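**Q** My structure file start.cif, mmCIF, C-alpha atoms and all ligand atoms, is below:
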data_target
#
loop_
_atom_site.label_atom_id
_atom_site.label_comp_id
_atom_site.auth_asym_id
_atom_site.auth_seq_id
_atom_site.Cartn_x
_atom_site.Cartn_y
_atom_site.Cartn_z
CA MET O 71 95.32 76.61 79.30
CA PRO O 72 95.91 77.05 83.03
CA SER O 73 97.24 80.62 82.74
CA ALA O 74 94.13 81.63 80.79
CA ALA O 75 91.95 80.03 83.46
CA ILE O 76 93.75 81.93 86.23
CA PHE O 77 93.43 85.19 84.32
CA LYS O 78 89.69 84.59 83.83
CA THR O 79 89.28 83.89 87.54
CA THR O 80 91.13 87.11 88.36
CA LEU O 81 88.86 89.06 86.01
CA ASP O 82 85.77 87.49 87.59
CA LEU O 83 87.08 88.29 91.06
CA LEU O 84 87.76 91.92 90.16
CA TYR O 85 84.35 92.24 88.54
CA TYR O 86 82.29 90.67 91.32
CA SER O 87 84.24 92.30 94.16
CA GLY O 88 83.45 95.68 92.64
CA ALA O 89 87.17 96.49 92.87
CA SER O 90 87.41 97.45 89.24
CA ALA O 91 84.44 99.83 89.56
CA ALA O 92 85.67 101.37 92.82
CA LEU O 93 89.35 101.74 91.97
CA GLY O 94 89.13 101.84 88.22
CA PRO O 95 89.07 105.55 87.42
CA ALA O 96 92.63 106.06 88.68
CA PHE O 97 93.95 103.52 86.20
CA ALA O 98 91.54 103.88 83.33
CA GLY O 99 93.69 106.37 81.39
CA SER O 100 92.62 108.36 78.33
CA GLY O 101 91.67 105.49 76.08
CA ALA O 102 92.48 102.07 74.67
CA ILE O 103 93.66 100.56 71.42
CA PHE O 104 91.97 97.23 70.73
CA MET O 105 93.88 94.54 68.86
CA LEU O 106 92.11 92.01 66.64
CA HIS O 107 93.31 89.49 64.09
CA HIS O 108 90.57 87.26 62.66
CA VAL O 109 86.84 88.07 62.79
CA PHE O 110 84.37 85.45 61.53
CA PRO O 111 81.27 83.57 62.72
CA GLY O 112 82.34 80.93 65.23
CA GLY O 113 85.76 82.61 65.64
CA GLY O 114 87.42 81.67 68.94
CA PHE O 115 85.05 78.80 69.66
CA ALA O 116 86.74 75.88 67.87
CA PRO O 117 86.72 72.93 70.29
CA GLY O 118 89.69 70.72 71.16
CA PHE O 119 93.13 71.45 69.74
CA ALA O 120 92.97 74.98 68.31
CA PRO O 121 95.95 76.90 69.72
CA ASN O 122 95.42 79.93 67.49
CA ARG O 123 91.78 80.45 68.48
CA GLY O 124 92.96 83.27 70.75
CA LEU O 125 93.50 85.24 67.52
CA GLU O 126 89.83 84.98 66.57
CA ILE O 127 86.57 86.62 67.62
CA THR O 128 83.05 86.60 66.19
CA PRO O 129 81.43 89.56 64.40
CA ASP O 130 78.70 89.45 67.08
CA PHE O 131 81.23 89.96 69.85
CA LEU O 132 82.82 92.85 67.95
CA ASP O 133 79.34 94.35 67.61
CA GLN O 134 78.71 93.94 71.36
CA VAL O 135 82.03 95.55 72.32
CA ILE O 136 81.45 98.57 70.08
CA GLY O 137 77.89 98.89 71.44
CA MET O 138 79.16 98.76 75.03
CA LEU O 139 81.84 101.39 74.32
CA LYS O 140 79.23 103.73 72.83
CA ALA O 141 76.90 103.17 75.80
CA ARG O 142 79.74 104.01 78.18
CA GLY O 143 80.48 107.27 76.40
CA PHE O 144 83.70 106.31 74.61
CA ASP O 145 84.50 108.15 71.39
CA LEU O 146 85.48 105.78 68.58
CA VAL O 147 88.45 107.40 66.84
CA ASN O 148 91.29 106.63 64.43
CA LEU O 149 94.98 106.65 65.36
CA ASP O 150 95.59 110.25 64.21
CA GLU O 151 92.85 111.49 66.53
CA ALA O 152 94.08 109.19 69.34
CA ALA O 153 97.57 110.70 69.07
CA ARG O 154 96.05 114.22 69.25
CA ARG O 155 93.98 113.32 72.31
CA LEU O 156 97.01 112.14 74.24
CA ASN O 157 97.83 115.83 74.50
CA GLY O 158 94.82 116.11 76.76
CA GLY O 159 91.16 116.91 76.50
CA GLY O 160 88.22 115.08 75.06
CA ARG O 161 86.31 112.08 76.29
CA ARG O 162 87.79 108.61 76.74
CA PHE O 163 88.36 107.02 73.39
CA ALA O 164 88.77 103.63 71.77
CA VAL O 165 90.71 102.68 68.63
CA PHE O 166 90.21 99.43 66.69
CA THR O 167 93.18 97.78 64.95
CA LEU O 168 93.44 94.51 63.03
CA ASP O 169 96.80 92.86 62.34
CA ASP O 170 98.10 90.99 59.27
CA GLY O 171 95.38 91.85 56.71
CA TYR O 172 93.17 88.77 56.70
CA ARG O 173 90.30 88.44 54.23
CA ASP O 174 87.77 87.94 57.05
CA ASN O 175 88.46 91.57 58.06
CA LEU O 176 86.88 92.68 54.78
CA VAL O 177 84.11 90.08 54.75
CA HIS O 178 83.04 90.03 58.40
CA ALA O 179 84.57 92.94 60.36
CA GLN O 180 84.15 95.78 57.88
CA PRO O 181 80.30 95.52 57.87
CA VAL O 182 80.24 95.74 61.70
CA PHE O 183 82.47 98.83 61.69
CA ALA O 184 80.33 100.35 58.91
CA ARG O 185 77.11 99.78 60.86
CA HIS O 186 78.56 101.66 63.84
CA GLY O 187 80.48 104.32 61.90
CA CYS O 188 83.53 103.06 63.78
CA PRO O 189 87.01 103.84 62.39
CA TYR O 190 89.53 100.98 62.19
CA THR O 191 93.10 100.34 61.06
CA VAL O 192 94.32 97.26 59.18
CA TYR O 193 98.08 96.59 59.47
CA VAL O 194 99.27 94.99 56.25
CA ALA O 195 102.47 92.96 55.74
CA PRO O 196 103.20 92.96 51.99
CA ALA O 197 104.50 89.36 51.89
CA ILE O 198 101.22 88.18 53.43
CA ALA O 199 99.23 90.13 50.81
CA ASP O 200 101.46 88.62 48.12
CA GLY O 201 100.53 85.17 49.45
CA THR O 202 104.20 84.28 49.94
CA CYS O 203 104.63 84.64 53.72
CA GLU O 204 105.18 81.58 55.89
CA LEU O 205 102.45 81.93 58.52
CA TRP O 206 104.46 79.52 60.68
CA TRP O 207 102.06 79.52 63.65
CA ARG O 208 99.25 78.34 61.38
CA GLY O 209 101.46 75.80 59.59
CA LEU O 210 102.64 74.37 62.90
CA GLU O 211 99.05 74.10 64.14
CA LEU O 212 97.81 72.38 60.98
CA ALA O 213 100.72 69.92 60.81
CA ILE O 214 100.04 68.84 64.40
CA ALA O 215 96.26 68.81 63.88
CA ARG O 216 96.40 66.61 60.77
CA ASN O 217 99.06 64.09 61.80
CA ASN O 218 99.22 61.38 64.46
CA ARG O 219 102.86 62.14 65.07
CA VAL O 220 105.34 64.77 63.95
CA GLU O 221 109.10 64.67 63.61
CA ALA O 222 111.15 67.78 64.20
CA ALA O 223 114.82 68.62 64.52
CA ILE O 224 115.21 71.77 66.60
CA GLY O 225 117.74 73.16 69.07
CA GLY O 226 120.15 70.29 68.30
CA GLU O 227 117.51 67.71 69.24
CA LYS O 228 115.64 65.31 67.04
CA LEU O 229 112.11 64.93 68.33
CA VAL O 230 109.41 62.43 67.50
CA LEU O 231 106.21 63.73 69.07
CA PRO O 232 103.06 61.62 69.20
CA CYS O 233 99.95 63.66 68.45
CA ALA O 234 97.06 61.27 68.08
CA SER O 235 94.91 62.73 70.88
CA ASP O 236 94.08 66.37 71.62
CA ALA O 237 96.19 66.16 74.77
CA GLU O 238 99.20 64.95 72.77
CA LYS O 239 98.62 67.64 70.16
CA TRP O 240 98.67 70.35 72.84
CA GLN O 241 101.89 68.85 74.25
CA ALA O 242 103.55 68.82 70.83
CA TRP O 243 102.44 72.44 70.29
CA HIS O 244 103.86 73.60 73.64
CA ARG O 245 107.10 71.71 72.95
CA LEU O 246 107.60 73.40 69.57
CA TYR O 247 105.94 76.84 69.64
CA TRP O 248 108.57 78.92 71.47
CA PRO O 249 111.64 77.14 70.03
CA VAL O 250 110.27 77.88 66.53
CA ARG O 251 109.24 81.43 67.42
CA LEU O 252 112.74 82.17 68.75
CA LEU O 253 114.66 80.80 65.75
CA GLU O 254 116.68 83.32 63.74
CA GLN O 255 114.04 84.80 61.42
CA HIS O 256 115.32 83.45 58.07
CA GLU O 257 116.13 80.09 59.66
CA GLN O 258 112.63 80.02 61.13
CA ARG O 259 111.08 80.30 57.67
CA ARG O 260 113.36 77.55 56.25
CA TRP O 261 112.48 75.37 59.26
CA ILE O 262 108.72 75.74 58.96
CA SER O 263 108.80 75.27 55.16
CA SER O 264 110.60 71.99 55.53
CA PHE O 265 108.48 70.90 58.54
CA CYS O 266 105.23 71.62 56.68
CA GLY O 267 106.56 69.94 53.52
CA ASN O 268 107.34 66.82 55.56
CA HIS O 269 103.89 66.78 57.12
CA GLY O 270 101.68 67.40 54.10
CA ILE O 271 100.87 71.07 54.69
CA ASP O 272 100.97 73.60 51.82
CA LEU O 273 102.19 76.72 53.64
CA MET O 274 101.78 79.09 50.70
CA ALA O 275 98.21 77.90 50.09
CA LEU O 276 97.50 78.61 53.76
CA CYS O 277 98.69 82.20 53.31
CA ARG O 278 96.80 82.78 50.04
CA GLU O 279 93.61 81.41 51.57
CA ALA O 280 93.78 83.57 54.71
CA ALA O 281 95.09 86.88 53.35
CA MET O 282 93.45 89.75 51.51
CA THR O 283 94.91 90.18 48.03
CA TRP O 284 96.16 93.63 47.02
CA ASP O 285 92.87 94.14 45.13
CA GLU O 286 90.97 93.45 48.34
CA ILE O 287 93.30 95.75 50.29
CA ARG O 288 92.63 98.51 47.77
CA GLN O 289 88.91 97.80 48.15
CA ILE O 290 88.92 98.06 51.97
CA SER O 291 91.24 101.09 51.84
CA ARG O 292 88.52 102.99 49.94
CA ASP O 293 86.27 102.72 53.00
CA PRO O 294 86.49 106.19 54.62
CA LEU O 295 86.53 104.51 58.06
CA CYS O 296 89.60 102.43 57.15
CA THR O 297 93.24 103.34 57.69
CA ILE O 298 95.91 101.07 56.21
CA GLY O 299 98.99 100.68 58.40
CA ALA O 300 102.20 98.67 57.92
CA HIS O 301 103.35 95.52 59.70
CA THR O 302 106.86 94.85 58.23
CA VAL O 303 107.29 93.21 54.82
CA ASN O 304 107.78 89.64 56.04
CA HIS O 305 106.09 89.58 59.43
CA PHE O 306 109.50 89.38 61.12
CA ASN O 307 110.34 89.88 64.78
CA VAL O 308 111.93 93.33 64.39
CA LYS O 309 113.98 93.16 67.59
CA ALA O 310 115.70 89.99 66.34
CA LEU O 311 116.99 91.71 63.17
CA ARG O 312 120.20 93.67 62.57
CA PRO O 313 119.53 97.44 62.64
CA ASP O 314 119.80 97.85 58.84
CA GLU O 315 117.47 94.96 58.16
CA ALA O 316 115.06 96.10 60.87
CA PHE O 317 114.90 99.57 59.29
CA ASP O 318 114.35 98.06 55.83
CA GLU O 319 111.41 95.99 57.11
CA LEU O 320 109.85 99.17 58.55
CA ASP O 321 110.59 101.36 55.53
CA LEU O 322 110.07 98.96 52.62
CA SER O 323 106.69 97.82 53.92
CA ALA O 324 105.50 101.45 53.85
CA ARG O 325 106.93 101.99 50.36
CA ARG O 326 105.28 98.89 48.95
CA ILE O 327 101.90 99.75 50.50
CA ALA O 328 102.25 103.26 49.04
CA GLU O 329 102.86 101.76 45.58
CA GLU O 330 99.87 99.45 45.86
CA THR O 331 97.34 101.81 47.47
CA GLY O 332 98.62 105.25 46.50
CA LYS O 333 99.10 106.28 50.13
CA ARG O 334 102.14 105.85 52.39
CA PRO O 335 101.01 104.48 55.75
CA GLN O 336 101.61 106.68 58.79
CA HIS O 337 101.02 103.94 61.34
CA PHE O 338 102.86 100.72 62.13
CA ALA O 339 102.34 97.59 64.24
CA PHE O 340 105.26 95.48 65.45
CA PRO O 341 104.68 91.78 64.58
CA TYR O 342 104.27 89.71 67.78
CA GLY O 343 104.83 93.05 69.49
CA ASP O 344 105.80 91.85 72.97
CA GLU O 345 109.04 92.63 74.82
CA THR O 346 110.88 89.90 72.86
CA SER O 347 109.86 91.43 69.52
CA ALA O 348 110.12 95.22 69.88
CA GLY O 349 112.26 97.34 72.20
CA PRO O 350 113.58 100.90 72.51
CA ARG O 351 115.87 100.57 69.47
CA ASP O 352 112.89 99.57 67.37
CA PHE O 353 110.67 102.34 68.73
CA ASP O 354 113.38 104.76 67.51
CA LEU O 355 113.60 103.06 64.12
CA ALA O 356 109.82 103.41 63.69
CA ARG O 357 110.17 107.15 64.28
CA LYS O 358 113.09 107.35 61.84
CA ALA O 359 111.05 105.49 59.21
CA GLY O 360 108.52 108.33 59.51
CA TYR O 361 105.65 106.67 61.34
CA ALA O 362 103.39 108.89 63.43
CA THR O 363 102.49 105.98 65.70
CA ALA O 364 103.53 102.37 66.25
CA VAL O 365 101.70 99.85 68.40
CA THR O 366 103.02 96.90 70.37
CA THR O 367 101.20 94.04 72.07
CA ARG O 368 102.35 95.18 75.50
CA LYS O 369 99.16 95.24 77.52
CA GLY O 370 97.82 98.48 78.88
CA MET O 371 95.64 101.54 78.59
CA LEU O 372 96.75 104.82 77.01
CA PHE O 373 97.85 107.63 79.33
CA PRO O 374 98.84 111.24 78.55
CA ALA O 375 102.49 110.22 79.17
CA HIS O 376 102.31 108.10 75.99
CA LYS O 377 102.42 111.31 73.92
CA ASP O 378 106.21 111.13 74.29
CA HIS O 379 106.22 107.45 73.25
CA LEU O 380 103.96 107.39 70.21
CA THR O 381 105.90 104.54 68.60
CA ALA O 382 105.57 102.29 71.66
CA LEU O 383 101.82 102.28 72.28
CA PRO O 384 100.23 99.45 74.30
CA ARG O 385 97.16 97.56 73.17
CA PHE O 386 94.22 95.69 74.56
CA SER O 387 93.65 92.30 72.92
CA LEU O 388 90.15 91.10 72.09
CA ALA O 389 90.98 87.41 72.24
CA GLY O 390 88.92 84.33 71.43
CA GLU O 391 88.93 82.93 74.94
CA TYR O 392 87.75 86.20 76.55
CA GLN O 393 84.64 86.84 74.49
CA ASN O 394 82.61 88.02 77.42
CA ILE O 395 81.58 91.65 77.61
CA ARG O 396 82.10 91.56 81.40
CA TYR O 397 85.82 90.82 80.92
CA VAL O 398 86.16 93.73 78.53
CA GLU O 399 84.40 96.07 80.99
CA THR O 400 86.69 94.91 83.80
CA LEU O 401 89.80 95.34 81.64
CA LEU O 402 88.64 98.84 80.63
CA SER O 403 88.86 99.88 84.27
CA GLY O 404 92.61 99.60 83.70
CA LEU O 405 93.03 97.83 87.04
CA PRO O 406 94.12 94.43 85.64
CA PHE O 407 96.73 96.21 83.49
CA ALA O 408 97.82 98.35 86.45
CA LEU O 409 98.43 95.16 88.44
CA LEU O 410 100.28 93.63 85.50
CA ASN O 411 102.45 96.74 85.00
CA ARG O 412 103.01 97.25 88.74
CA PHE O 413 101.00 100.48 88.71
CA LYS O 414 103.30 102.24 86.24
CA PRO O 415 101.37 103.87 83.39
CA LEU O 416 104.28 103.42 80.96
CA ASN O 417 105.85 100.15 79.89
CA VAL O 418 108.27 101.21 77.18
CA GLY O 419 111.64 99.86 78.37
CA GLU O 420 113.55 96.73 77.36
ZN ZN H 501 100.94 90.07 62.93
#
Go ahead and render the structure in this file as structure tokens.
Ligand SMILES: [Zn+2]

**A**
Amino acid sequence: MPSAAIFKTTLDLLYYSGASAALGPAFAGSGAIFMLHHVFPGGGFAPGFAPNRGLEITPDFLDQVIGMLKARGFDLVNLDEAARRLNGGGRRFAVFTLDDGYRDNLVHAQPVFARHGCPYTVYVAPAIADGTCELWWRGLELAIARNNRVEAAIGGEKLVLPCASDAEKWQAWHRLYWPVRLLEQHEQRRWISSFCGNHGIDLMALCREAAMTWDEIRQISRDPLCTIGAHTVNHFNVKALRPDEAFDELDLSARRIAEETGKRPQHFAFPYGDETSAGPRDFDLARKAGYATAVTTRKGMLFPAHKDHLTALPRFSLAGEYQNIRYVETLLSGLPFALLNRFKPLNVGE
């Protein structure tokens, strides 16, 4: 994608100009929370049409990143310790988080964390663990990947999109992704169920195949390095929900996880997590639901000022297309995020 290419060029420029090394310390903050989704061999390297490959990395890359952090003197800590350190003191720290609760976390990521003694948090959405959640972004990808054309009625328009070539598949994806993402949440799930049904994709099978079962969640939760967090019940965009429903998604996910694992989660991740999916109202609701911290996908490093915004923490995505240790080192300088956030340490508004 062009924007990814421009971002990579910017990272290269910052790295080779030495700007990140020279200016970095002012923006580097106290630490960083890394965000991962899928971890498996080959993750992020699928060729051609693979729009969700940004959600994947390889176990080797995870191993390299942890090794680099240790070599640079970062402490690897859990979210409780991170929250304490925002009050000042201690070395720079890094926190690892994985969203959605995919089986590859247990199979491929857990052994890497174990080898390094590195704490990590898995944010579980009960409907995903039940195998009943419409993972619409995966369903949309598969329907386009496996068909030579797709038909879709959305936004009052009836579309027939050719998708025989990779180029056409990317076009169809870009035409549909945001309109589907922005649908009212219940409508979105009806839409994707019918779209997948019409294009030969078994959405529920997709979820069951990708997700850890509750037995597997109990298994990973017994790892002393693992913290289980919550991620709503249905992987809904919290900001798009009425306040009562938004609160229920925050609260009921914690209750269900407590029933299944014996421990109520203290930490939460907003699904999607950008400005369109979590705002100040939702940061308040997370506090009211009793969470000690909540993370977003707003990009940034952690600064002491975040101690007053513990339910609106930024993260640092380890994404498939940036699996280059040099990019991670440049990002850790904080300078790219400082540019992005116009040099303000906090990005917790609308
Ligand atoms: Zn998620």

**Q** I'd like the neighbourhood of Ala199 in chain O as a list in words, where a residue qualifies if any of its atoms comes within 7 Å (using only C-alpha atoms), though same-chain residues fewer than 2 positions away should be ignored.

**A**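 Counting only the stated atoms, we get Ala195, Pro196, Ala197, Gly201, Ala281, Met282, Thr283 and Trp284 of chain O.
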
**Q** Residues up to 8 Å from ligand ZN 501 (chain H), counting all atoms listed in the file: could you list those as number ranges by chain?

**A** O: 107, 169-170, 193, 195, 301, 305, 339-342

**Q** Compute the distance from (93.3, 99.6, 80.1) to each atom, counting all atoms listed in the file, keep the residues with any atom at most 8 Å away, and return them as JSON, numbers by chain; use the coordinates of the file.

**A** {"O": [97, 98, 99, 101, 102, 369, 370, 371, 372, 386, 401, 402, 403, 404, 405, 406, 407, 408]}

**Q** Applying 12 Å and all atoms listed in the file, which residues near Arg216 in chain O remain after dropping the ones on its own chain fewer than 5 positions away? List them as a PyMOL selection string.

**A** chain O and resi 119-120+209-211+232-236+239+266+269-271

**Q** If you measure from CA of Val177 in chain O to CA of Ala280 in chain O, what distance in Å do you get, rounded to one decimal?

**A**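 Interatomic distance here is 11.7 Å.
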
**Q** Write out as JSON, numbers by chain which residues come within 10 Å of Ala359 in chain O when counting all atoms listed in the file, dropping same-chain ones fewer than 2 positions away.

**A** {"O": [317, 318, 319, 320, 321, 322, 324, 336, 338, 354, 355, 356, 357, 361, 362]}

**Q** Hey, can you spit out that residue selection with C-alpha atoms as a CSV table (one decimal), in the frame of the given file?

**A**
chain,number,residue,atom,x,y,z
O,317,PHE,CA,114.9,99.6,59.3
O,318,ASP,CA,114.4,98.1,55.8
O,319,GLU,CA,111.4,96.0,57.1
O,320,LEU,CA,109.8,99.2,58.6
O,321,ASP,CA,110.6,101.4,55.5
O,322,LEU,CA,110.1,99.0,52.6
O,324,ALA,CA,105.5,101.4,53.8
O,336,GLN,CA,101.6,106.7,58.8
O,338,PHE,CA,102.9,100.7,62.1
O,354,ASP,CA,113.4,104.8,67.5
O,355,LEU,CA,113.6,103.1,64.1
O,356,ALA,CA,109.8,103.4,63.7
O,357,ARG,CA,110.2,107.2,64.3
O,361,TYR,CA,105.6,106.7,61.3
O,362,ALA,CA,103.4,108.9,63.4

**Q** For Val135 in chain O, list every protein, DNA or RNA residue within 10 Å, evaluated using all atoms listed in the file, and leave out those in the same chain fewer than 2 positions away; present the list as a list in words.

**A** Pro129, Asp130, Phe131, Leu132, Asp133, Gly137, Met138, Leu139, Lys140, Ala141, Leu388, Gln393, Asn394, Ile395, Arg396, Val398 and Glu399 of chain O

**Q** Work out how far CA of Leu168 in chain O is from CA of Arg312 in chain O, in Å to one decimal.

**A**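 We find that CA of Arg312 in chain O and CA of Leu168 in chain O lie 26.8 Å from each other.
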
**Q** Nearest to Arg161 in chain O: which of O:Gln258, O:Asn217, O:Ser100, O:Thr79 is it, counting only C-alpha atoms?

**A**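 Going through O:Gln258, O:Asn217, O:Ser100, O:Thr79 one by one, the smallest distance to Arg161 in chain O is for O:Ser100.
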
**Q** What does the distance between CA of Ile136 in chain O and CA of Leu383 in chain O come to in Å, to one decimal place?

**A** 20.8 Å

**Q** Under the rule that only C-alpha atoms are counted, which of O:Arg142, O:Arg123, O:Arg208, O:His108 is the nearest residue to Asp174 in chain O?

**A**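 Selected residue with least distance to Asp174 in chain O: O:His108.
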
**Q** Write out as a list in words each polymer residue whose atoms come within 9 Å of Thr346 in chain O, counting all atoms listed in the file; drop sequence neighbours fewer than 4 positions from it.

**A**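 Close residues of Thr346 in chain O: Leu252, Asn307, Lys309, Ala310, Tyr342 and Glu420 of chain O.
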
**Q** From the list O:Gln180, O:Arg155, O:Val109, O:Glu126, which residue is nearest Gln289 in chain O when using all atoms listed in the file?

**A** O:Gln180

**Q** Between O:Val303, O:Leu273, O:Gly419, O:Glu391, which is the closest to Glu345 in chain O once you count all atoms listed in the file?

**A** O:Gly419
